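Q: This is the structure, below, for whatever I ask next.
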Amino acid sequence: MKSKPSDNKKKTSDKKKQILSDYARLAESLDRPVTMGDMIDAGHSKDSVAHHFRSLTRLDGLARDKFPGKFSDVSVKALLGPKALSRLQGAVVNYNRFVITTAVTGCDLQSDFYASIRTYCSTNNAILLILVQSDPAHNRKNGDLGFIDKRLVNEHIVVADTALNSNLYISTIKLSAKHIDPITGLGRIGQRNGSFIYASPKQRLKPVPVSNSKAPHFLMTTGAITKPNYTTDNYMSERTAYIAEHDHVVGALVVEIEDDEVYHFRQIQADERGNFIDLGKQYRPNCVMDEQPEAFIMGDWHSGEVDPSAAQAWYEVMAALKPKRLVIHDLFNGLSINHHEEDKNILKAQRANREELNLLKEMSSVASDLDEMADYVEQIVVVKSNHDEFLERYLQEGNYVKDPQNHRFALDLATAMMDGFDPLKHGVEIVGLANTNKVIWLKRDEDFKIARIQLGAHGDRGANGARGSLPAMEAAYGNSVTGHSHVPEILRGAWAVGTSIYLKLTYNVGPSSWFHSSILVYANGERQIINSIGGKWRLTA
């Protein structure tokens with residue numbers, strides 16, 4: 001007996017309803033976009049979905065129309081337009097403190113982190129700005145911008161390139177959430193146009209030299225307000241999905257605008273509960289707690305050539321935040337016995353006239369600096385650095401024999417070195433270091449870690465005798481904070497401080513990306529770069 005056309009119609013209608021219902025149910029229960037594999041597991045074949053709805057994209061749209069309450073996200077396209085742009089422009093004009101982060105489409109909101117950001121904004125008169133970035137594997141079709149959590153609908157979504165002042169811009173250039181290095185190829189844009197903030201679930205920072213005398217421009221990415229989810233059915237995408245999951249940072253940038261030219265920026269990262277720390281305060285969904293930094297890693301010090309404005313900023317940071325430890329790179333400058341200037345007779349004569357070639361005087365300067373620093377912290381950790389080793393080379397090669405000004409003092413240091421003592425430590429102590437009990441002198445290749453972050457490497461030496469670089473530090477140590485380059489940078493888990501000295505000296509000729517930058521490390525592993533701009537390191541108004 002043949003089926004009646006009406007029966008067939010009813011079966012078709014029932015089947016479509018069942019597919020729609022199951023899709024909406026899966027959308028509500030899963031923490032990711034519904035895939036064809038999910039539909040097959042629910043009992044619907046690929047052919048059946050294609051027969052009734054032509055594509056998964058069309059099925060998704062119809063299910064959203066019929067069961068809007070089952071979906072916790074909203075189309076990004078629905079959030080764009082003149083009204084959103086006007087709101088954004090009004091926020092930029094009326095606020096000078098921003099929390100800037102990225103929502104990755106198809107990924108769940110980290111709701112506790114979102115709540116902590118709201119606590120921060122209400123406490124500090126700040127506003128949240130959200131960039132949107134797509135994982136192409138989660139988009140249904142080409143040109144689809146994807147979906148983000150409905151709870152973000154009333155926040156300020158960055159829908160167009162936005163200037164925060166004349167030197168800092170938020171860019172809406174479309175980058176993939178799975179980019180290994182999200183700023184690849186963007187350096188020449190920053191070099192010409194200014195500092196840029198880009199959307200990415202990674203936190204990346206790189207300065208770009210622009211002048212022989214001006215400060216560098218910065219390229220930086222935000223971290224994400226969404227949880228990592230890069231699941232894909234595409235075999236060829238599984239590798240990048242795995243890497244993206246590993247590198248994903250739940251975090252944001254705090255940006256403070258001083259005026260039309262000067263701005264401050266700092267990174268924040270959320271812990272597993274969504275809490276985060278900014279300048280010694282931990283922000284939680286419902287409260288704010290004090291959080292003492294475990295360590296303050298200063299930009300390379302180089303006693304005797306320190307820029308007073310940078311020193312002022314770092315002492316203010318220590319006075320305000322009270323870090324337990326101070327970690328110092330290139331404590332000793334070695335200007336008085338610098339082998340790089342051995343044959344520069346005119347320069348050495350000029351230094352002699354300024355009394356810069358006196359080793360005892362330089363050592364006394366180091367001792368004085370350490371004693372002043374000791375008033376601010378419980379412990380000082382001196383990282384063995386290449387400038388410290390200028391002294392060891394000077395003694396090892398016997399250069400003091402033909403150096404009458406420093407000969408007698410150097411004999412004492414050479415004897416101490418022969419007896420197995422660190423000549424820098426010995427010299428600083430004999431010239432009158434008062435706080436000897438507070439200072440730890442690391443040896444070369446001696447680990448010093450906080451929250452599993454390597455702080456004991458200067459950064460000048462890579463693995464197996466190679467020269468140091470930030471990629472080399474990442475390869476050797478993973479999570480680390482190093483110095484040496486005088487250039488602040490973040491490459492995934494490898495971070496580098498800048499410097500504390502004058503930004504233009506006799507040996508850094510040409511365009512420079514040196515900058516006055518230090519780093520705070522907290523007990524849970526959260527980190528922040530702190531920059532000094534003419535002695536200012538945060539917005540105080």
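Every chain in the structure tokens takes a letter, A first, then B, and so on in the order presented; its residues are numbered from 1, and the ligands are numbered from 1 following the presented order.
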Quick one: everything within 12 Å of Ala24 (chain A), counting only C-alpha atoms, minus sequence neighbours fewer than 4 positions away in the same chain. Send it as a list in words.

A: Lys17, Gln18, Ile19, Leu20, Glu28, Ser29, Leu30, Pro33, Val34, Asp38, Met39, Ala42, Leu59, Asp60, Gly61, Leu62, Ala63, Arg64, Asp65, Lys66, Phe67, Pro68, Gly69, Lys70, Phe71 and Ser72 of chain A

Q: Create the file for the chosen residues now, containing N, CA and C atoms and written as an mmCIF file, in the first residue's frame.

A:
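Done, and the output landed in again-v6.cif:
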```cif
data_model
loop_
_atom_site.group_PDB
_atom_site.id
_atom_site.type_symbol
_atom_site.label_atom_id
_atom_site.label_comp_id
_atom_site.auth_asym_id
_atom_site.auth_seq_id
_atom_site.Cartn_x
_atom_site.Cartn_y
_atom_site.Cartn_z
ATOM 1 N N LYS A 17 11.437 19.259 11.999
ATOM 2 C CA LYS A 17 11.259 19.742 13.365
ATOM 3 C C LYS A 17 12.214 19.056 14.332
ATOM 4 N N GLN A 18 12.392 17.730 14.122
ATOM 5 C CA GLN A 18 13.273 16.985 15.008
ATOM 6 C C GLN A 18 14.731 17.443 14.852
ATOM 7 N N ILE A 19 15.132 17.654 13.598
ATOM 8 C CA ILE A 19 16.504 18.114 13.348
ATOM 9 C C ILE A 19 16.718 19.495 13.971
ATOM 10 N N LEU A 20 15.739 20.396 13.759
ATOM 11 C CA LEU A 20 15.833 21.737 14.351
ATOM 12 C C LEU A 20 15.910 21.669 15.875
ATOM 13 N N GLU A 28 22.567 24.387 23.102
ATOM 14 C CA GLU A 28 22.417 24.787 24.500
ATOM 15 C C GLU A 28 23.346 23.993 25.416
ATOM 16 N N SER A 29 23.584 22.724 25.089
ATOM 17 C CA SER A 29 24.336 21.860 26.004
ATOM 18 C C SER A 29 25.838 21.858 25.750
ATOM 19 N N LEU A 30 26.254 22.100 24.506
ATOM 20 C CA LEU A 30 27.680 22.047 24.179
ATOM 21 C C LEU A 30 28.346 23.392 24.460
ATOM 22 N N PRO A 33 30.507 25.425 18.940
ATOM 23 C CA PRO A 33 29.546 25.343 17.849
ATOM 24 C C PRO A 33 29.178 23.892 17.527
ATOM 25 N N VAL A 34 27.944 23.684 17.127
ATOM 26 C CA VAL A 34 27.478 22.340 16.775
ATOM 27 C C VAL A 34 28.082 21.947 15.432
ATOM 28 N N ASP A 38 28.377 16.172 15.533
ATOM 29 C CA ASP A 38 27.411 16.184 16.635
ATOM 30 C C ASP A 38 26.021 15.759 16.152
ATOM 31 N N MET A 39 25.641 16.253 14.985
ATOM 32 C CA MET A 39 24.331 15.894 14.433
ATOM 33 C C MET A 39 24.263 14.412 14.096
ATOM 34 N N ALA A 42 23.702 12.511 17.110
ATOM 35 C CA ALA A 42 22.321 12.664 17.573
ATOM 36 C C ALA A 42 21.328 11.869 16.724
ATOM 37 N N LEU A 59 20.752 25.608 8.623
ATOM 38 C CA LEU A 59 20.125 24.984 9.781
ATOM 39 C C LEU A 59 20.353 25.832 11.030
ATOM 40 N N ASP A 60 21.560 26.332 11.189
ATOM 41 C CA ASP A 60 21.878 27.170 12.345
ATOM 42 C C ASP A 60 21.001 28.418 12.370
ATOM 43 N N GLY A 61 20.860 29.089 11.236
ATOM 44 C CA GLY A 61 20.054 30.294 11.180
ATOM 45 C C GLY A 61 18.595 30.053 11.507
ATOM 46 N N LEU A 62 18.032 28.960 10.969
ATOM 47 C CA LEU A 62 16.633 28.641 11.223
ATOM 48 C C LEU A 62 16.419 28.243 12.682
ATOM 49 N N ALA A 63 17.375 27.512 13.247
ATOM 50 C CA ALA A 63 17.255 27.105 14.649
ATOM 51 C C ALA A 63 17.306 28.318 15.567
ATOM 52 N N ARG A 64 18.146 29.288 15.255
ATOM 53 C CA ARG A 64 18.230 30.506 16.055
ATOM 54 C C ARG A 64 16.922 31.298 15.994
ATOM 55 N N ASP A 65 16.294 31.307 14.803
ATOM 56 C CA ASP A 65 15.022 32.019 14.673
ATOM 57 C C ASP A 65 13.923 31.343 15.487
ATOM 58 N N LYS A 66 13.907 30.009 15.482
ATOM 59 C CA LYS A 66 12.822 29.267 16.121
ATOM 60 C C LYS A 66 13.033 29.109 17.635
ATOM 61 N N PHE A 67 14.326 28.944 18.046
ATOM 62 C CA PHE A 67 14.617 28.699 19.465
ATOM 63 C C PHE A 67 15.668 29.700 19.974
ATOM 64 N N PRO A 68 15.376 30.991 19.937
ATOM 65 C CA PRO A 68 16.403 31.982 20.317
ATOM 66 C C PRO A 68 16.913 31.805 21.743
ATOM 67 N N GLY A 69 16.058 31.310 22.648
ATOM 68 C CA GLY A 69 16.469 31.140 24.034
ATOM 69 C C GLY A 69 17.477 30.026 24.245
ATOM 70 N N LYS A 70 17.647 29.162 23.256
ATOM 71 C CA LYS A 70 18.591 28.043 23.382
ATOM 72 C C LYS A 70 20.027 28.465 23.068
ATOM 73 N N PHE A 71 20.186 29.647 22.492
ATOM 74 C CA PHE A 71 21.509 30.078 22.037
ATOM 75 C C PHE A 71 22.022 31.202 22.940
ATOM 76 N N SER A 72 23.236 31.010 23.422
ATOM 77 C CA SER A 72 23.828 31.990 24.338
ATOM 78 C C SER A 72 24.690 33.007 23.609
#
```

Q: With a distance cut-off of 12 Å and only C-alpha atoms, select the neighbouring residues of Ala103 (chain A), excluding the residue or stretch itself and same-chain residues fewer than 4 positions from it, and output the selection as a compact mmCIF listing (two decimals) with all heavy atoms, in the first residue's frame.

A:
```txt
# COMPACT_ATOMS: atom_id res chain seq x y z
N ASP A 73 24.79 32.89 22.27
CA ASP A 73 25.63 33.81 21.52
C ASP A 73 24.81 34.57 20.49
O ASP A 73 23.63 34.29 20.27
CB ASP A 73 26.80 33.07 20.85
CG ASP A 73 26.34 31.92 19.96
OD1 ASP A 73 25.11 31.76 19.76
OD2 ASP A 73 27.19 31.18 19.47
N VAL A 76 28.08 38.40 15.24
CA VAL A 76 28.88 39.62 15.30
C VAL A 76 28.34 40.66 14.32
O VAL A 76 28.33 41.87 14.61
CB VAL A 76 30.37 39.30 15.00
CG1 VAL A 76 31.19 40.59 14.92
CG2 VAL A 76 30.94 38.38 16.07
N CYS A 107 33.81 30.74 20.93
CA CYS A 107 34.39 30.34 22.21
C CYS A 107 33.55 30.92 23.36
O CYS A 107 33.03 32.03 23.26
CB CYS A 107 35.83 30.85 22.33
SG CYS A 107 36.98 30.10 21.15
N ASP A 108 33.45 30.14 24.43
CA ASP A 108 32.65 30.57 25.58
C ASP A 108 33.31 31.73 26.30
O ASP A 108 34.54 31.80 26.44
CB ASP A 108 32.48 29.42 26.57
CG ASP A 108 31.37 28.47 26.16
OD1 ASP A 108 30.69 28.76 25.16
OD2 ASP A 108 31.20 27.44 26.83
N LEU A 109 32.50 32.63 26.80
CA LEU A 109 32.96 33.73 27.64
C LEU A 109 33.52 33.17 28.95
O LEU A 109 32.92 32.28 29.56
CB LEU A 109 31.80 34.67 27.93
CG LEU A 109 32.08 35.88 28.82
CD1 LEU A 109 32.98 36.88 28.11
CD2 LEU A 109 30.76 36.55 29.23
N GLN A 110 34.68 33.69 29.39
CA GLN A 110 35.17 33.37 30.73
C GLN A 110 34.43 34.32 31.67
O GLN A 110 34.85 35.45 31.92
CB GLN A 110 36.69 33.59 30.80
CG GLN A 110 37.46 32.64 31.68
CD GLN A 110 37.07 32.65 33.16
OE1 GLN A 110 36.13 33.28 33.60
NE2 GLN A 110 37.83 31.94 33.97
N SER A 111 33.30 33.86 32.16
CA SER A 111 32.37 34.74 32.85
C SER A 111 32.95 35.32 34.14
O SER A 111 32.64 36.46 34.51
CB SER A 111 31.06 34.01 33.14
OG SER A 111 31.30 32.81 33.86
N TYR A 114 35.23 38.13 33.14
CA TYR A 114 34.36 39.24 32.73
C TYR A 114 33.85 39.99 33.97
O TYR A 114 33.87 41.23 34.02
CB TYR A 114 33.21 38.69 31.89
CG TYR A 114 32.19 39.70 31.44
CD1 TYR A 114 32.56 40.96 30.95
CD2 TYR A 114 30.83 39.40 31.50
CE1 TYR A 114 31.61 41.87 30.52
CE2 TYR A 114 29.87 40.30 31.07
CZ TYR A 114 30.26 41.55 30.59
OH TYR A 114 29.32 42.44 30.17
N LEU A 128 35.44 48.95 29.36
CA LEU A 128 35.86 47.74 28.65
C LEU A 128 35.65 47.92 27.15
O LEU A 128 34.56 48.29 26.71
CB LEU A 128 35.05 46.54 29.15
CG LEU A 128 35.24 45.20 28.41
CD1 LEU A 128 36.68 44.72 28.50
CD2 LEU A 128 34.28 44.15 28.97
N LEU A 129 36.71 47.68 26.38
CA LEU A 129 36.63 47.67 24.91
C LEU A 129 36.93 46.25 24.43
O LEU A 129 37.93 45.65 24.88
CB LEU A 129 37.62 48.66 24.30
CG LEU A 129 37.52 50.13 24.72
CD1 LEU A 129 38.56 50.96 23.98
CD2 LEU A 129 36.12 50.67 24.47
N ILE A 130 36.10 45.74 23.52
CA ILE A 130 36.25 44.36 23.09
C ILE A 130 36.50 44.30 21.59
O ILE A 130 35.68 44.77 20.78
CB ILE A 130 35.00 43.53 23.44
CG1 ILE A 130 34.78 43.53 24.95
CG2 ILE A 130 35.15 42.09 22.93
CD1 ILE A 130 33.50 42.86 25.39
N LEU A 131 37.64 43.74 21.23
CA LEU A 131 37.92 43.40 19.84
C LEU A 131 37.36 42.01 19.57
O LEU A 131 37.23 41.20 20.49
CB LEU A 131 39.43 43.41 19.58
CG LEU A 131 40.07 44.79 19.50
CD1 LEU A 131 41.54 44.72 19.90
CD2 LEU A 131 39.95 45.34 18.09
N VAL A 132 37.04 41.74 18.32
CA VAL A 132 36.50 40.43 17.94
C VAL A 132 37.46 39.78 16.94
O VAL A 132 37.93 40.42 16.01
CB VAL A 132 35.09 40.55 17.33
CG1 VAL A 132 34.59 39.18 16.89
CG2 VAL A 132 34.13 41.17 18.33
N GLN A 133 37.73 38.50 17.19
CA GLN A 133 38.60 37.76 16.28
C GLN A 133 37.99 36.40 16.01
O GLN A 133 37.41 35.77 16.89
CB GLN A 133 39.99 37.60 16.89
CG GLN A 133 41.01 37.00 15.92
CD GLN A 133 42.40 36.95 16.52
OE1 GLN A 133 42.57 36.47 17.64
NE2 GLN A 133 43.39 37.44 15.81
N SER A 134 38.14 35.96 14.78
CA SER A 134 37.54 34.70 14.37
C SER A 134 38.57 33.58 14.30
O SER A 134 39.72 33.80 13.93
CB SER A 134 36.86 34.84 13.01
OG SER A 134 35.70 35.62 13.10
N ASP A 135 38.09 32.41 14.67
CA ASP A 135 38.79 31.18 14.33
C ASP A 135 38.09 30.65 13.07
O ASP A 135 36.94 30.22 13.15
CB ASP A 135 38.68 30.18 15.48
CG ASP A 135 39.18 28.79 15.10
OD1 ASP A 135 39.84 28.67 14.05
OD2 ASP A 135 38.89 27.84 15.84
N LEU A 145 31.31 36.33 10.14
CA LEU A 145 32.12 36.87 11.23
C LEU A 145 31.99 36.07 12.51
O LEU A 145 32.70 36.33 13.47
CB LEU A 145 31.72 38.33 11.48
CG LEU A 145 31.96 39.29 10.32
CD1 LEU A 145 31.50 40.70 10.70
CD2 LEU A 145 33.41 39.30 9.90
N GLY A 146 31.06 35.11 12.54
CA GLY A 146 30.92 34.26 13.71
C GLY A 146 30.03 34.85 14.78
O GLY A 146 29.34 35.86 14.57
N PHE A 147 30.08 34.23 15.97
CA PHE A 147 29.18 34.58 17.06
C PHE A 147 29.97 34.76 18.35
O PHE A 147 30.96 34.07 18.59
CB PHE A 147 28.14 33.47 17.26
CG PHE A 147 27.22 33.28 16.09
CD1 PHE A 147 27.62 32.54 14.98
CD2 PHE A 147 25.96 33.86 16.08
CE1 PHE A 147 26.77 32.38 13.89
CE2 PHE A 147 25.10 33.69 15.00
CZ PHE A 147 25.51 32.95 13.89
N ILE A 148 29.49 35.70 19.19
CA ILE A 148 30.07 35.89 20.51
C ILE A 148 28.96 35.86 21.55
O ILE A 148 27.77 35.98 21.22
CB ILE A 148 30.88 37.19 20.62
CG1 ILE A 148 29.99 38.41 20.36
CG2 ILE A 148 32.08 37.17 19.68
CD1 ILE A 148 30.67 39.73 20.64
N ASP A 149 29.34 35.74 22.82
CA ASP A 149 28.38 35.59 23.90
C ASP A 149 27.43 36.80 23.99
O ASP A 149 27.84 37.95 23.87
CB ASP A 149 29.15 35.45 25.22
CG ASP A 149 28.28 34.95 26.35
OD1 ASP A 149 27.43 35.73 26.82
OD2 ASP A 149 28.45 33.78 26.76
N LYS A 150 26.14 36.49 24.21
CA LYS A 150 25.12 37.54 24.29
C LYS A 150 25.39 38.55 25.40
O LYS A 150 24.97 39.71 25.33
CB LYS A 150 23.75 36.91 24.53
CG LYS A 150 23.10 36.33 23.30
CD LYS A 150 21.73 35.78 23.65
CE LYS A 150 21.03 35.22 22.42
NZ LYS A 150 19.73 34.60 22.77
N ARG A 151 26.09 38.11 26.46
CA ARG A 151 26.33 39.01 27.58
C ARG A 151 27.23 40.19 27.22
O ARG A 151 27.31 41.17 27.95
CB ARG A 151 26.92 38.22 28.75
CG ARG A 151 25.92 37.35 29.47
CD ARG A 151 26.58 36.41 30.45
NE ARG A 151 27.29 35.34 29.78
CZ ARG A 151 27.96 34.36 30.41
NH1 ARG A 151 28.00 34.35 31.74
NH2 ARG A 151 28.56 33.42 29.72
N LEU A 152 27.90 40.09 26.06
CA LEU A 152 28.80 41.16 25.64
C LEU A 152 28.10 42.18 24.74
O LEU A 152 28.72 43.17 24.34
CB LEU A 152 30.01 40.57 24.91
CG LEU A 152 30.88 39.61 25.72
CD1 LEU A 152 32.00 39.06 24.85
CD2 LEU A 152 31.44 40.28 26.96
N VAL A 153 26.84 41.95 24.45
CA VAL A 153 26.13 42.79 23.50
C VAL A 153 26.14 44.26 23.91
O VAL A 153 26.26 45.16 23.08
CB VAL A 153 24.67 42.29 23.32
CG1 VAL A 153 23.83 43.33 22.59
CG2 VAL A 153 24.65 40.98 22.56
N GLU A 155 28.35 45.79 25.76
CA GLU A 155 29.68 46.35 25.94
C GLU A 155 30.10 47.09 24.67
O GLU A 155 29.42 47.03 23.65
CB GLU A 155 30.69 45.24 26.26
CG GLU A 155 30.39 44.48 27.54
CD GLU A 155 30.48 45.33 28.80
OE1 GLU A 155 31.04 46.45 28.74
OE2 GLU A 155 29.99 44.88 29.85
N HIS A 156 31.23 47.77 24.74
CA HIS A 156 31.72 48.53 23.59
C HIS A 156 32.56 47.62 22.70
O HIS A 156 33.70 47.28 23.03
CB HIS A 156 32.53 49.74 24.05
CG HIS A 156 31.70 50.78 24.73
ND1 HIS A 156 31.37 50.70 26.06
CD2 HIS A 156 31.11 51.91 24.25
CE1 HIS A 156 30.62 51.75 26.38
NE2 HIS A 156 30.44 52.49 25.31
N ILE A 157 31.97 47.20 21.59
CA ILE A 157 32.67 46.37 20.61
C ILE A 157 33.42 47.30 19.66
O ILE A 157 32.84 48.27 19.14
CB ILE A 157 31.68 45.49 19.82
CG1 ILE A 157 30.75 44.72 20.77
CG2 ILE A 157 32.44 44.55 18.90
CD1 ILE A 157 31.45 43.74 21.68
N VAL A 158 34.69 47.02 19.45
CA VAL A 158 35.49 47.87 18.55
C VAL A 158 35.16 47.48 17.11
O VAL A 158 35.55 46.40 16.65
CB VAL A 158 36.99 47.73 18.84
CG1 VAL A 158 37.80 48.64 17.91
CG2 VAL A 158 37.29 48.07 20.30
N ALA A 177 42.79 33.73 14.90
CA ALA A 177 43.06 33.40 16.30
C ALA A 177 44.15 32.35 16.43
O ALA A 177 44.70 32.15 17.51
CB ALA A 177 41.78 32.90 16.96
N TYR A 198 46.28 45.02 18.60
CA TYR A 198 45.60 44.08 17.71
C TYR A 198 44.85 43.03 18.52
O TYR A 198 45.23 42.69 19.64
CB TYR A 198 46.60 43.38 16.79
CG TYR A 198 47.37 44.30 15.89
CD1 TYR A 198 48.69 44.68 16.21
CD2 TYR A 198 46.82 44.79 14.72
CE1 TYR A 198 49.41 45.52 15.38
CE2 TYR A 198 47.54 45.64 13.88
CZ TYR A 198 48.83 46.00 14.22
OH TYR A 198 49.54 46.85 13.40
N ALA A 199 43.81 42.49 17.91
CA ALA A 199 43.05 41.41 18.54
C ALA A 199 43.84 40.11 18.46
O ALA A 199 44.36 39.75 17.41
CB ALA A 199 41.70 41.23 17.83
N SER A 200 43.93 39.41 19.58
CA SER A 200 44.53 38.08 19.59
C SER A 200 44.32 37.45 20.96
O SER A 200 44.36 38.16 21.97
CB SER A 200 46.03 38.13 19.30
OG SER A 200 46.61 36.83 19.40
N PRO A 201 44.13 36.14 21.01
CA PRO A 201 44.09 35.45 22.31
C PRO A 201 45.48 35.23 22.89
O PRO A 201 45.61 34.67 23.97
CB PRO A 201 43.41 34.13 21.98
CG PRO A 201 43.78 33.87 20.56
CD PRO A 201 43.83 35.22 19.90
N LYS A 202 46.51 35.67 22.19
CA LYS A 202 47.88 35.64 22.72
C LYS A 202 48.23 37.03 23.24
O LYS A 202 47.64 38.02 22.83
CB LYS A 202 48.87 35.23 21.63
CG LYS A 202 48.65 33.86 21.04
CD LYS A 202 49.62 33.60 19.89
CE LYS A 202 49.48 32.19 19.35
NZ LYS A 202 48.18 31.95 18.72
N THR A 222 46.22 41.54 22.87
CA THR A 222 45.49 41.72 24.11
C THR A 222 45.39 40.53 25.04
O THR A 222 45.40 40.67 26.26
CB THR A 222 44.04 42.14 23.78
OG1 THR A 222 43.42 41.09 23.02
CG2 THR A 222 44.01 43.43 22.99
N GLY A 223 45.27 39.31 24.49
CA GLY A 223 44.74 38.21 25.28
C GLY A 223 43.23 38.19 25.11
O GLY A 223 42.65 39.08 24.47
N ALA A 224 42.56 37.18 25.68
CA ALA A 224 41.14 36.96 25.38
C ALA A 224 40.26 36.96 26.62
O ALA A 224 40.69 36.60 27.72
CB ALA A 224 40.98 35.63 24.64
N ILE A 225 39.02 37.35 26.41
CA ILE A 225 38.00 37.28 27.45
C ILE A 225 37.21 35.98 27.32
O ILE A 225 36.31 35.71 28.10
CB ILE A 225 37.07 38.51 27.36
CG1 ILE A 225 36.29 38.70 28.67
CG2 ILE A 225 36.12 38.40 26.15
CD1 ILE A 225 35.53 40.01 28.73
N THR A 226 37.58 35.17 26.35
CA THR A 226 36.91 33.90 26.08
C THR A 226 37.83 32.72 26.41
O THR A 226 39.06 32.84 26.37
CB THR A 226 36.49 33.80 24.61
OG1 THR A 226 37.58 34.22 23.77
CG2 THR A 226 35.30 34.70 24.33
N LYS A 227 37.22 31.58 26.68
CA LYS A 227 37.98 30.37 26.97
C LYS A 227 38.53 29.78 25.67
O LYS A 227 37.94 29.97 24.61
CB LYS A 227 37.08 29.33 27.65
CG LYS A 227 36.50 29.77 28.99
CD LYS A 227 35.54 28.72 29.51
CE LYS A 227 34.86 29.16 30.78
NZ LYS A 227 33.86 28.17 31.26
N PRO A 228 39.62 29.06 25.74
CA PRO A 228 40.15 28.45 24.51
C PRO A 228 39.26 27.31 24.02
O PRO A 228 38.83 26.47 24.80
CB PRO A 228 41.53 27.92 24.95
CG PRO A 228 41.41 27.70 26.42
CD PRO A 228 40.46 28.77 26.91
N ASN A 229 38.97 27.32 22.74
CA ASN A 229 38.22 26.23 22.12
C ASN A 229 38.47 26.29 20.62
O ASN A 229 37.87 27.10 19.92
CB ASN A 229 36.72 26.36 22.41
CG ASN A 229 35.91 25.33 21.61
OD1 ASN A 229 36.43 24.29 21.24
ND2 ASN A 229 34.66 25.64 21.34
N HIS A 248 46.92 30.17 24.22
CA HIS A 248 45.79 31.04 24.56
C HIS A 248 45.98 31.64 25.96
O HIS A 248 46.28 30.93 26.92
CB HIS A 248 44.51 30.20 24.51
CG HIS A 248 43.25 30.99 24.70
ND1 HIS A 248 42.42 31.32 23.65
CD2 HIS A 248 42.66 31.49 25.81
CE1 HIS A 248 41.38 31.98 24.11
NE2 HIS A 248 41.50 32.11 25.42
N VAL A 249 45.81 32.94 26.08
CA VAL A 249 45.92 33.64 27.36
C VAL A 249 44.59 34.32 27.65
O VAL A 249 44.13 35.16 26.86
CB VAL A 249 47.05 34.70 27.33
CG1 VAL A 249 47.05 35.51 28.62
CG2 VAL A 249 48.39 34.04 27.11
N VAL A 250 43.97 33.96 28.75
CA VAL A 250 42.81 34.71 29.21
C VAL A 250 43.35 35.97 29.88
O VAL A 250 43.95 35.91 30.96
CB VAL A 250 41.94 33.88 30.17
CG1 VAL A 250 40.77 34.72 30.68
CG2 VAL A 250 41.43 32.62 29.49
N GLY A 251 43.20 37.09 29.21
CA GLY A 251 43.81 38.30 29.70
C GLY A 251 43.39 39.52 28.91
O GLY A 251 42.50 39.46 28.05
N ALA A 252 44.06 40.63 29.16
CA ALA A 252 43.71 41.90 28.52
C ALA A 252 44.85 42.88 28.68
O ALA A 252 45.86 42.59 29.35
CB ALA A 252 42.43 42.46 29.15
```

Q: Name the residues of region 142-312 of chain A that fall into strand (DSSP E) according to DSSP on the backbone, using the chain letters and numbers of this document, as JSON, numbers by chain.

A: {"A": [147, 148, 149, 156, 157, 162, 163, 168, 169, 170, 195, 196, 197, 198, 204, 205, 206, 207, 208, 217, 218, 219, 220, 221, 251, 252, 253, 254, 255, 256, 257, 263, 264, 265, 266, 267, 268, 269, 276, 277, 278, 281, 282, 283, 288, 289, 290, 295, 296, 297]}

Q: I'd like the neighbourhood of Leu442 (chain A) as a PyMOL selection string, where a residue qualifies if any of its atoms comes within 7 Å (using only C-alpha atoms), though same-chain residues fewer than 2 positions away should be ignored.

A: chain A and resi 382-384+440+444+446

Q: Just list as a ChimeraX atom specification whatever in region 6-255 of chain A DSSP marks as helix (DSSP H, G or I).

A: /A:6-29,36-41,46-53,56-66,68-70,76-79,82-94,111-124,136-138,150-152,187-193,235-247

Q: Skip Asp307 (chain A) itself and residues of its chain fewer than 5 positions away, then list as number ranges by chain all residues within 12 Å of it, counting only C-alpha atoms.

A: A: 299-302, 312-314, 499-505, 515-516, 532-535

Q: Find the distance between CA of Ser176 (chain A) and CA of Phe113 (chain A) and write it in Å to one decimal.

A: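 Computing it gives 22.6 Å between the two atoms.
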
Q: Near region 462-466 of chain A, counting only C-alpha atoms, which residues have an atom at most 7 Å away, once you skip same-chain residues fewer than 4 positions from it, shown as number ranges by chain?

A: A: 472-473, 476

Q: Please write the residues from the selection above to a file, keeping C-alpha atoms, as a PDB file, in the first residue's frame.

A:
```pdb
ATOM      1  CA  ALA A 472      66.361  31.388  22.336  1.00  0.00           C
ATOM      2  CA  MET A 473      65.104  32.138  25.854  1.00  0.00           C
ATOM      3  CA  ALA A 476      65.546  27.083  26.576  1.00  0.00           C
TER       4      ALA A 476
END
```

Q: Skipping near chain neighbours, those fewer than 2 positions away, what residues fall within 8 Å of region 401-408 of chain A using only C-alpha atoms, listed as a list in words?

A: Asn358, Leu359, Leu360, Gly398, Asn399, Ala410, Leu411 and Asp412 of chain A
